[in-house]
file model.pdb (PDB, C-alpha atoms and all ligand atoms)
ATOM      1  CA  MET A  53      64.427  33.022  15.414  1.00  0.00           C
ATOM      2  CA  SER A  54      60.953  33.853  14.179  1.00  0.00           C
ATOM      3  CA  GLN A  55      60.532  37.274  15.769  1.00  0.00           C
ATOM      4  CA  THR A  56      59.769  39.942  13.181  1.00  0.00           C
ATOM      5  CA  TYR A  57      61.103  43.479  13.240  1.00  0.00           C
ATOM      6  CA  CYS A  58      57.583  44.619  14.241  1.00  0.00           C
ATOM      7  CA  ASP A  59      57.457  42.159  17.144  1.00  0.00           C
ATOM      8  CA  TYR A  60      60.863  43.274  18.316  1.00  0.00           C
ATOM      9  CA  CYS A  61      60.106  47.011  18.136  1.00  0.00           C
ATOM     10  CA  ASN A  62      56.657  46.732  19.690  1.00  0.00           C
ATOM     11  CA  ALA A  63      58.086  44.685  22.552  1.00  0.00           C
ATOM     12  CA  HIS A  64      61.050  47.009  23.111  1.00  0.00           C
ATOM     13  CA  PRO A  65      59.853  50.616  23.381  1.00  0.00           C
ATOM     14  CA  GLU A  66      63.036  51.370  25.326  1.00  0.00           C
ATOM     15  CA  ASP A  67      65.022  50.850  22.127  1.00  0.00           C
ATOM     16  CA  THR A  68      64.043  54.318  20.978  1.00  0.00           C
ATOM     17  CA  PHE A  69      66.199  54.257  17.852  1.00  0.00           C
ATOM     18  CA  ASN A  70      64.547  51.181  16.390  1.00  0.00           C
ATOM     19  CA  LYS A  71      61.122  51.976  17.843  1.00  0.00           C
ATOM     20  CA  THR A  72      61.055  55.506  16.386  1.00  0.00           C
ATOM     21  CA  TYR A  73      62.286  54.319  13.008  1.00  0.00           C
ATOM     22  CA  HIS A  74      59.743  51.487  12.993  1.00  0.00           C
ATOM     23  CA  ASP A  75      56.854  53.733  14.069  1.00  0.00           C
ATOM     24  CA  THR A  76      57.506  56.786  11.925  1.00  0.00           C
ATOM     25  CA  GLN A  77      59.672  55.875   8.946  1.00  0.00           C
ATOM     26  CA  TYR A  78      59.785  52.200   8.082  1.00  0.00           C
ATOM     27  CA  GLY A  79      57.475  51.419   5.172  1.00  0.00           C
ATOM     28  CA  PHE A  80      56.132  54.973   4.844  1.00  0.00           C
ATOM     29  CA  PRO A  81      56.375  56.425   1.329  1.00  0.00           C
ATOM     30  CA  ILE A  82      59.042  59.087   0.744  1.00  0.00           C
ATOM     31  CA  GLU A  83      58.400  61.913  -1.712  1.00  0.00           C
ATOM     32  CA  ASP A  84      61.669  63.792  -1.469  1.00  0.00           C
ATOM     33  CA  ASP A  85      64.625  62.726  -3.625  1.00  0.00           C
ATOM     34  CA  HIS A  86      67.200  63.656  -1.010  1.00  0.00           C
ATOM     35  CA  GLU A  87      65.424  61.540   1.576  1.00  0.00           C
ATOM     36  CA  LEU A  88      65.224  58.630  -0.851  1.00  0.00           C
ATOM     37  CA  PHE A  89      68.930  58.992  -1.511  1.00  0.00           C
ATOM     38  CA  GLU A  90      69.596  59.117   2.216  1.00  0.00           C
ATOM     39  CA  ARG A  91      67.669  55.902   2.790  1.00  0.00           C
ATOM     40  CA  LEU A  92      69.575  54.171   0.010  1.00  0.00           C
ATOM     41  CA  VAL A  93      72.916  55.287   1.439  1.00  0.00           C
ATOM     42  CA  LEU A  94      71.949  54.173   4.948  1.00  0.00           C
ATOM     43  CA  GLU A  95      70.841  50.756   3.694  1.00  0.00           C
ATOM     44  CA  ILE A  96      74.130  50.385   1.824  1.00  0.00           C
ATOM     45  CA  ASN A  97      76.031  51.324   4.952  1.00  0.00           C
ATOM     46  CA  GLN A  98      74.183  48.756   7.008  1.00  0.00           C
ATOM     47  CA  ALA A  99      75.681  45.885   4.998  1.00  0.00           C
ATOM     48  CA  GLY A 100      77.495  43.674   7.493  1.00  0.00           C
ATOM     49  CA  LEU A 101      76.572  45.900  10.439  1.00  0.00           C
ATOM     50  CA  SER A 102      73.595  46.272  12.777  1.00  0.00           C
ATOM     51  CA  TRP A 103      70.761  48.595  11.798  1.00  0.00           C
ATOM     52  CA  ILE A 104      70.786  50.279  15.208  1.00  0.00           C
ATOM     53  CA  LEU A 105      74.370  51.359  14.648  1.00  0.00           C
ATOM     54  CA  ILE A 106      73.272  53.089  11.448  1.00  0.00           C
ATOM     55  CA  LEU A 107      70.251  54.672  13.159  1.00  0.00           C
ATOM     56  CA  LYS A 108      72.477  56.005  15.932  1.00  0.00           C
ATOM     57  CA  ARG A 109      74.771  57.549  13.350  1.00  0.00           C
ATOM     58  CA  ALA A 110      72.072  58.819  10.980  1.00  0.00           C
ATOM     59  CA  LYS A 111      72.491  62.395  12.216  1.00  0.00           C
ATOM     60  CA  ASN A 112      76.242  62.241  11.647  1.00  0.00           C
ATOM     61  CA  PHE A 113      75.641  60.850   8.174  1.00  0.00           C
ATOM     62  CA  ARG A 114      73.321  63.726   7.348  1.00  0.00           C
ATOM     63  CA  LYS A 115      75.919  66.213   8.496  1.00  0.00           C
ATOM     64  CA  ALA A 116      78.834  64.495   6.767  1.00  0.00           C
ATOM     65  CA  PHE A 117      76.943  64.124   3.478  1.00  0.00           C
ATOM     66  CA  ASP A 118      75.583  67.690   3.195  1.00  0.00           C
ATOM     67  CA  LYS A 119      72.054  66.628   4.205  1.00  0.00           C
ATOM     68  CA  PHE A 120      72.190  64.176   1.316  1.00  0.00           C
ATOM     69  CA  ASN A 121      72.059  66.897  -1.275  1.00  0.00           C
ATOM     70  CA  ILE A 122      72.432  64.711  -4.369  1.00  0.00           C
ATOM     71  CA  LYS A 123      74.170  67.306  -6.497  1.00  0.00           C
ATOM     72  CA  LYS A 124      76.679  68.160  -3.776  1.00  0.00           C
ATOM     73  CA  VAL A 125      77.516  64.526  -3.078  1.00  0.00           C
ATOM     74  CA  ALA A 126      77.801  63.767  -6.811  1.00  0.00           C
ATOM     75  CA  ASN A 127      80.451  66.468  -7.049  1.00  0.00           C
ATOM     76  CA  TYR A 128      82.541  65.360  -4.071  1.00  0.00           C
ATOM     77  CA  THR A 129      86.263  65.672  -4.589  1.00  0.00           C
ATOM     78  CA  GLU A 130      89.182  63.618  -3.313  1.00  0.00           C
ATOM     79  CA  GLU A 131      89.288  65.993  -0.402  1.00  0.00           C
ATOM     80  CA  ASP A 132      85.698  65.111   0.490  1.00  0.00           C
ATOM     81  CA  ARG A 133      86.465  61.408   0.218  1.00  0.00           C
ATOM     82  CA  ASN A 134      89.336  61.829   2.664  1.00  0.00           C
ATOM     83  CA  ARG A 135      87.192  63.886   5.003  1.00  0.00           C
ATOM     84  CA  LEU A 136      84.563  61.107   5.023  1.00  0.00           C
ATOM     85  CA  LEU A 137      87.172  58.363   5.440  1.00  0.00           C
ATOM     86  CA  ASN A 138      88.397  60.158   8.540  1.00  0.00           C
ATOM     87  CA  ASP A 139      84.956  60.863  10.004  1.00  0.00           C
ATOM     88  CA  ALA A 140      84.572  58.534  12.992  1.00  0.00           C
ATOM     89  CA  GLY A 141      80.892  59.503  13.287  1.00  0.00           C
ATOM     90  CA  ILE A 142      79.920  57.615  10.127  1.00  0.00           C
ATOM     91  CA  ILE A 143      81.051  54.273   8.669  1.00  0.00           C
ATOM     92  CA  ARG A 144      84.602  54.658   7.397  1.00  0.00           C
ATOM     93  CA  ASN A 145      84.471  52.230   4.542  1.00  0.00           C
ATOM     94  CA  ARG A 146      86.014  53.247   1.243  1.00  0.00           C
ATOM     95  CA  LEU A 147      83.615  51.170  -0.865  1.00  0.00           C
ATOM     96  CA  LYS A 148      80.530  52.463   0.921  1.00  0.00           C
ATOM     97  CA  ILE A 149      81.687  56.078   0.656  1.00  0.00           C
ATOM     98  CA  ASN A 150      82.441  55.540  -2.998  1.00  0.00           C
ATOM     99  CA  ALA A 151      78.988  53.999  -3.504  1.00  0.00           C
ATOM    100  CA  ALA A 152      77.314  57.106  -2.047  1.00  0.00           C
ATOM    101  CA  ILE A 153      79.190  59.361  -4.471  1.00  0.00           C
ATOM    102  CA  VAL A 154      78.742  57.180  -7.557  1.00  0.00           C
ATOM    103  CA  ASN A 155      75.064  56.586  -6.797  1.00  0.00           C
ATOM    104  CA  ALA A 156      74.499  60.326  -6.406  1.00  0.00           C
ATOM    105  CA  GLN A 157      75.976  60.727  -9.890  1.00  0.00           C
ATOM    106  CA  LYS A 158      73.703  57.967 -11.199  1.00  0.00           C
ATOM    107  CA  ILE A 159      70.660  59.654  -9.661  1.00  0.00           C
ATOM    108  CA  LEU A 160      71.596  62.919 -11.389  1.00  0.00           C
ATOM    109  CA  GLU A 161      71.558  61.021 -14.685  1.00  0.00           C
ATOM    110  CA  LEU A 162      68.143  59.560 -13.874  1.00  0.00           C
ATOM    111  CA  LYS A 163      66.877  63.026 -13.010  1.00  0.00           C
ATOM    112  CA  LYS A 164      67.890  64.307 -16.431  1.00  0.00           C
ATOM    113  CA  GLU A 165      65.751  61.719 -18.114  1.00  0.00           C
ATOM    114  CA  HIS A 166      62.929  61.208 -15.632  1.00  0.00           C
ATOM    115  CA  GLY A 167      62.725  64.456 -13.677  1.00  0.00           C
ATOM    116  CA  SER A 168      63.488  62.857 -10.330  1.00  0.00           C
ATOM    117  CA  PHE A 169      64.636  59.692  -8.587  1.00  0.00           C
ATOM    118  CA  LYS A 170      61.088  59.382  -7.271  1.00  0.00           C
ATOM    119  CA  ASN A 171      59.654  59.543 -10.805  1.00  0.00           C
ATOM    120  CA  TRP A 172      62.057  56.871 -11.949  1.00  0.00           C
ATOM    121  CA  LEU A 173      60.956  54.599  -9.099  1.00  0.00           C
ATOM    122  CA  ASP A 174      57.284  55.308  -9.827  1.00  0.00           C
ATOM    123  CA  LYS A 175      57.709  54.689 -13.545  1.00  0.00           C
ATOM    124  CA  ASN A 176      59.301  51.306 -12.926  1.00  0.00           C
ATOM    125  CA  HIS A 177      56.781  50.310 -10.279  1.00  0.00           C
ATOM    126  CA  PRO A 178      55.446  47.673 -10.027  1.00  0.00           C
ATOM    127  CA  LEU A 179      58.214  45.157 -10.460  1.00  0.00           C
ATOM    128  CA  SER A 180      58.890  41.916  -8.691  1.00  0.00           C
ATOM    129  CA  LYS A 181      61.667  41.902  -6.142  1.00  0.00           C
ATOM    130  CA  ASP A 182      63.970  40.071  -8.537  1.00  0.00           C
ATOM    131  CA  GLU A 183      63.258  42.519 -11.352  1.00  0.00           C
ATOM    132  CA  TRP A 184      63.984  45.445  -9.027  1.00  0.00           C
ATOM    133  CA  VAL A 185      67.264  43.902  -7.943  1.00  0.00           C
ATOM    134  CA  LYS A 186      68.267  43.415 -11.571  1.00  0.00           C
ATOM    135  CA  LEU A 187      67.376  47.005 -12.410  1.00  0.00           C
ATOM    136  CA  PHE A 188      69.224  48.409  -9.394  1.00  0.00           C
ATOM    137  CA  LYS A 189      72.302  46.345 -10.162  1.00  0.00           C
ATOM    138  CA  LYS A 190      72.246  47.710 -13.694  1.00  0.00           C
ATOM    139  CA  THR A 191      71.724  51.296 -12.528  1.00  0.00           C
ATOM    140  CA  PHE A 192      73.635  51.661  -9.261  1.00  0.00           C
ATOM    141  CA  VAL A 193      76.649  50.285  -7.422  1.00  0.00           C
ATOM    142  CA  PHE A 194      76.740  48.358  -4.119  1.00  0.00           C
ATOM    143  CA  THR A 195      73.098  47.344  -4.541  1.00  0.00           C
ATOM    144  CA  GLY A 196      72.814  43.648  -3.791  1.00  0.00           C
ATOM    145  CA  GLY A 197      69.538  41.849  -3.244  1.00  0.00           C
ATOM    146  CA  GLU A 198      69.273  42.456   0.480  1.00  0.00           C
ATOM    147  CA  ILE A 199      70.020  46.184   0.193  1.00  0.00           C
ATOM    148  CA  VAL A 200      67.583  46.682  -2.682  1.00  0.00           C
ATOM    149  CA  SER A 201      64.714  44.789  -1.084  1.00  0.00           C
ATOM    150  CA  GLU A 202      65.200  46.588   2.244  1.00  0.00           C
ATOM    151  CA  PHE A 203      65.344  49.971   0.505  1.00  0.00           C
ATOM    152  CA  LEU A 204      62.163  49.252  -1.453  1.00  0.00           C
ATOM    153  CA  MET A 205      60.266  47.785   1.501  1.00  0.00           C
ATOM    154  CA  SER A 206      61.295  50.669   3.717  1.00  0.00           C
ATOM    155  CA  THR A 207      60.084  53.209   1.130  1.00  0.00           C
ATOM    156  CA  GLY A 208      56.871  51.373   0.299  1.00  0.00           C
ATOM    157  CA  TYR A 209      57.621  50.000  -3.167  1.00  0.00           C
ATOM    158  CA  LEU A 210      57.625  46.424  -1.946  1.00  0.00           C
ATOM    159  CA  SER A 211      55.207  45.033   0.605  1.00  0.00           C
ATOM    160  CA  GLY A 212      56.195  43.399   3.836  1.00  0.00           C
ATOM    161  CA  ALA A 213      57.647  46.168   6.006  1.00  0.00           C
ATOM    162  CA  HIS A 214      55.026  45.616   8.712  1.00  0.00           C
ATOM    163  CA  THR A 215      53.026  42.564   9.625  1.00  0.00           C
ATOM    164  CA  GLU A 216      49.277  43.086   9.368  1.00  0.00           C
ATOM    165  CA  ALA A 217      48.984  42.611  13.118  1.00  0.00           C
ATOM    166  CA  CYS A 218      51.368  45.520  13.778  1.00  0.00           C
ATOM    167  CA  PRO A 219      49.647  48.743  14.918  1.00  0.00           C
ATOM    168  CA  ILE A 220      51.771  50.715  12.442  1.00  0.00           C
ATOM    169  CA  PHE A 221      50.458  48.696   9.485  1.00  0.00           C
ATOM    170  CA  ARG A 222      47.267  50.782   9.343  1.00  0.00           C
ATOM    171  CA  LYS A 223      49.165  54.050   9.637  1.00  0.00           C
ATOM    172  CA  VAL A 224      51.352  53.053   6.726  1.00  0.00           C
ATOM    173  CA  ALA A 225      48.278  51.978   4.741  1.00  0.00           C
ATOM    174  CA  LYS A 226      46.793  55.458   5.203  1.00  0.00           C
ATOM    175  CA  ALA A 227      49.907  56.970   3.652  1.00  0.00           C
ATOM    176  CA  ARG A 228      49.214  54.829   0.546  1.00  0.00           C
ATOM    177  CA  PRO A 229      52.605  53.258  -0.158  1.00  0.00           C
ATOM    178  CA  ALA A 230      53.209  52.306  -3.789  1.00  0.00           C
ATOM    179  CA  TRP A 231      52.756  48.575  -3.228  1.00  0.00           C
ATOM    180  CA  MET A 232      49.173  49.185  -2.069  1.00  0.00           C
ATOM    181  CA  ARG A 233      48.328  51.084  -5.224  1.00  0.00           C
ATOM    182  CA  VAL A 234      48.741  47.988  -7.351  1.00  0.00           C
ATOM    183  CA  HIS A 235      45.427  46.311  -7.910  1.00  0.00           C
ATOM    184  CA  LYS A 236      45.811  42.729  -8.818  1.00  0.00           C
ATOM    185  CA  SER A 237      43.140  40.113  -9.077  1.00  0.00           C
ATOM    186  CA  SER A 238      45.031  37.838  -6.778  1.00  0.00           C
ATOM    187  CA  ARG A 239      46.159  38.999  -3.395  1.00  0.00           C
ATOM    188  CA  VAL A 240      49.840  39.780  -3.145  1.00  0.00           C
ATOM    189  CA  THR A 241      51.535  37.765  -0.483  1.00  0.00           C
ATOM    190  CA  PRO A 242      53.797  40.081   1.492  1.00  0.00           C
ATOM    191  CA  SER A 243      57.392  39.039   1.453  1.00  0.00           C
ATOM    192  CA  LYS A 244      58.678  37.928   4.805  1.00  0.00           C
ATOM    193  CA  PRO A 245      60.062  40.949   6.626  1.00  0.00           C
ATOM    194  CA  LYS A 246      63.713  40.836   7.271  1.00  0.00           C
ATOM    195  CA  ILE A 247      64.591  40.886  10.906  1.00  0.00           C
ATOM    196  CA  LYS A 248      66.727  43.912  11.399  1.00  0.00           C
ATOM    197  CA  SER A 249      69.606  43.021  13.597  1.00  0.00           C
ATOM    198  CA  ALA A 250      68.549  43.614  17.137  1.00  0.00           C
ATOM    199  CA  PRO A 251      71.157  45.074  19.438  1.00  0.00           C
TER     200      PRO A 251
HETATM  201 ZN    ZN B   1      55.538  47.110  12.414  1.00  0.00          ZN
END
call {"tool": "encode", "arguments": {"input": "model.pdb", "output": "structure tokens", "more": "lines below"}}
Ligand SMILES: [Zn+2]
result
Amino acid sequence: MSQTYCDYCNAHPEDTFNKTYHDTQYGFPIEDDHELFERLVLEINQAGLSWILILKRAKNFRKAFDKFNIKKVANYTEEDRNRLLNDAGIIRNRLKINAAIVNAQKILELKKEHGSFKNWLDKNHPLSKDEWVKLFKKTFVFTGGEIVSEFLMSTGYLSGAHTEACPIFRKVAKARPAWMRVHKSSRVTPSKPKIKSAP
């Protein structure tokens, strides 16, 4: 299968969940820490599941996780864990719920030292994909290679979210994602976009 996520979304406007995400969020830089945290949690929750399932449940996630308020999630109690484990609107997976809480705590630590999650990402940028994965594995939990590269592509730290032929590519370029701010003598070859699981 050689169809890219862009090809799929542009050919399937009726898949409004994927199409809207592709057109308005995927690859666009995120300034807000809570939104960055949300994207990381959603990517973690996708592991082993289809992206559209996560998109369909994104609203429920936001509600269940206090709009991804990092401090609130970092301070979740056993009671909160049980509430989340029993919430059929999200993904009831103990490890994924635990990862959201632990990673919120990790982000709070990063904020102490770097001011914000965003600052920490900016300070480390640019790194190669492998270096990012190493750093994320050292810093967070449940952050394997696929999750980290998707998170960083989707937030503009790694190139390759959109193909250059995609109409959204130019929109994203206007928003100046981090990967475009790196000036290298040799052209960076975009990594091959991952094909998000189509429904
Ligand atoms: Zn695209």
call {"tool": "atom_distance", "arguments": {"input": "model.pdb", "atom1": "CA of Gly141 (chain A)", "atom2": "CA of Ile106 (chain A)"}}
result
10.1 Å
call {"tool": "closest_residue", "arguments": {"input": "model.pdb", "among": "A:Asn150, A:Thr68, A:Thr191, A:Thr76", "to": "ligand ZN 1 (chain B)", "atoms": "all atoms listed in the file"}}
result
A:Thr76
call {"tool": "residues_near_ligand", "arguments": {"input": "model.pdb", "ligand": "ligand ZN 1 (chain B)", "cutoff": "6 Å", "atoms": "only C-alpha atoms and all ligand atoms", "output": "list in words"}}
result
Cys58, His214, Thr215, Cys218 and Ile220 of chain A
call {"tool": "resolve_selection", "arguments": {"input": "model.pdb", "expression": "the PyMOL selection byres (((chain A and resi 193) around 8) and not hetatm)", "output": "VMD selection string"}}
result
chain A and resid 151 154 to 155 188 to 189 191 to 192 194 to 195
call {"tool": "closest_residue", "arguments": {"input": "model.pdb", "among": "A:Phe169, A:Lys164, A:Gly100, A:Gln157", "to": "Ile143 (chain A)", "atoms": "only C-alpha atoms"}}
result
A:Gly100
call {"tool": "resolve_selection", "arguments": {"input": "model.pdb", "expression": "the PyMOL selection byres (((chain A and resi 72) around 12) and not hetatm)", "output": "PyMOL selection string"}}
result
chain A and resi 58+61-62+64-71+73-78+104+107-108+220
call {"tool": "atom_distance", "arguments": {"input": "model.pdb", "atom1": "CA of Glu130 (chain A)", "atom2": "CA of Lys111 (chain A)"}}
result
22.8 Å
call {"tool": "closest_residue", "arguments": {"input": "model.pdb", "among": "A:Phe80, A:Leu204, A:Glu161, A:Gln55", "to": "Ala225 (chain A)", "atoms": "all atoms listed in the file"}}
result
A:Phe80
call {"tool": "resolve_selection", "arguments": {"input": "model.pdb", "expression": "the PyMOL selection byres (((chain A and resi 93) around 12) and not hetatm)", "output": "ChimeraX atom specification"}}
result
/A:86-92,94-99,106,110,113-114,117,119-122,125,142-143,147-156,192-195,199-200,202-203
call {"tool": "atom_distance", "arguments": {"input": "model.pdb", "atom1": "CA of Gly212 (chain A)", "atom2": "CA of Leu160 (chain A)"}}
result
29.2 Å
call {"tool": "residues_around", "arguments": {"input": "model.pdb", "residues": "Ala227 (chain A)", "least_positions_apart": "5", "cutoff": "10 Å", "atoms": "all atoms listed in the file", "output": "mmCIF file with C-alpha atoms, keeping the file's coordinate frame"}}
result
data_model
loop_
_atom_site.group_PDB
_atom_site.id
_atom_site.type_symbol
_atom_site.label_atom_id
_atom_site.label_comp_id
_atom_site.auth_asym_id
_atom_site.auth_seq_id
_atom_site.Cartn_x
_atom_site.Cartn_y
_atom_site.Cartn_z
ATOM 1 C CA GLY A 79 57.475 51.419 5.172
ATOM 2 C CA PHE A 80 56.132 54.973 4.844
ATOM 3 C CA PRO A 81 56.375 56.425 1.329
ATOM 4 C CA ILE A 82 59.042 59.087 0.744
ATOM 5 C CA GLY A 208 56.871 51.373 0.299
ATOM 6 C CA ARG A 222 47.267 50.782 9.343
ATOM 7 C CA MET A 232 49.173 49.185 -2.069
#
call {"tool": "closest_residue", "arguments": {"input": "model.pdb", "among": "A:Lys186, A:Asp139, A:Trp103, A:Asn127", "to": "Lys115 (chain A)", "atoms": "all atoms listed in the file"}}
result
A:Asp139
call {"tool": "closest_residue", "arguments": {"input": "model.pdb", "among": "A:Glu198, A:Ile159, A:Ser211, A:Met205", "to": "Lys124 (chain A)", "atoms": "all atoms listed in the file"}}
result
A:Ile159
call {"tool": "closest_residue", "arguments": {"input": "model.pdb", "among": "A:Asp132, A:Glu165, A:Glu216, A:Asp84", "to": "Asp59 (chain A)", "atoms": "only C-alpha atoms"}}
result
A:Glu216
call {"tool": "axis_aligned_box", "arguments": {"input": "model.pdb", "around": "region 195-211 of chain A", "padding_each_side": "8 Å", "output": "JSON"}}
result
{"center_x": 64.2, "center_y": 47.5, "center_z": -0.4, "size_x": 33.9, "size_y": 27.4, "size_z": 24.3}
call {"tool": "decode", "arguments": {"input": "model.pdb", "residues": "region 216-231 of chain A", "atoms": "C-alpha atoms", "output": "tab-separated table (two decimals), in the first residue's frame"}}
result
chain	number	residue	atom	x	y	z
A	216	GLU	CA	4.72	18.55	-0.96
A	217	ALA	CA	1.93	17.89	-3.45
A	218	CYS	CA	-0.71	18.12	-0.71
A	219	PRO	CA	-2.68	21.41	-0.68
A	220	ILE	CA	-2.21	21.62	3.09
A	221	PHE	CA	1.59	21.58	2.77
A	222	ARG	CA	1.67	25.30	1.93
A	223	LYS	CA	-0.71	26.18	4.76
A	224	VAL	CA	1.52	24.36	7.20
A	225	ALA	CA	4.59	26.08	5.73
A	226	LYS	CA	2.99	29.47	6.41
A	227	ALA	CA	2.62	28.54	10.07
A	228	ARG	CA	6.42	27.99	10.16
A	229	PRO	CA	6.74	24.61	11.87
A	230	ALA	CA	10.01	24.05	13.71
A	231	TRP	CA	11.46	21.70	11.10
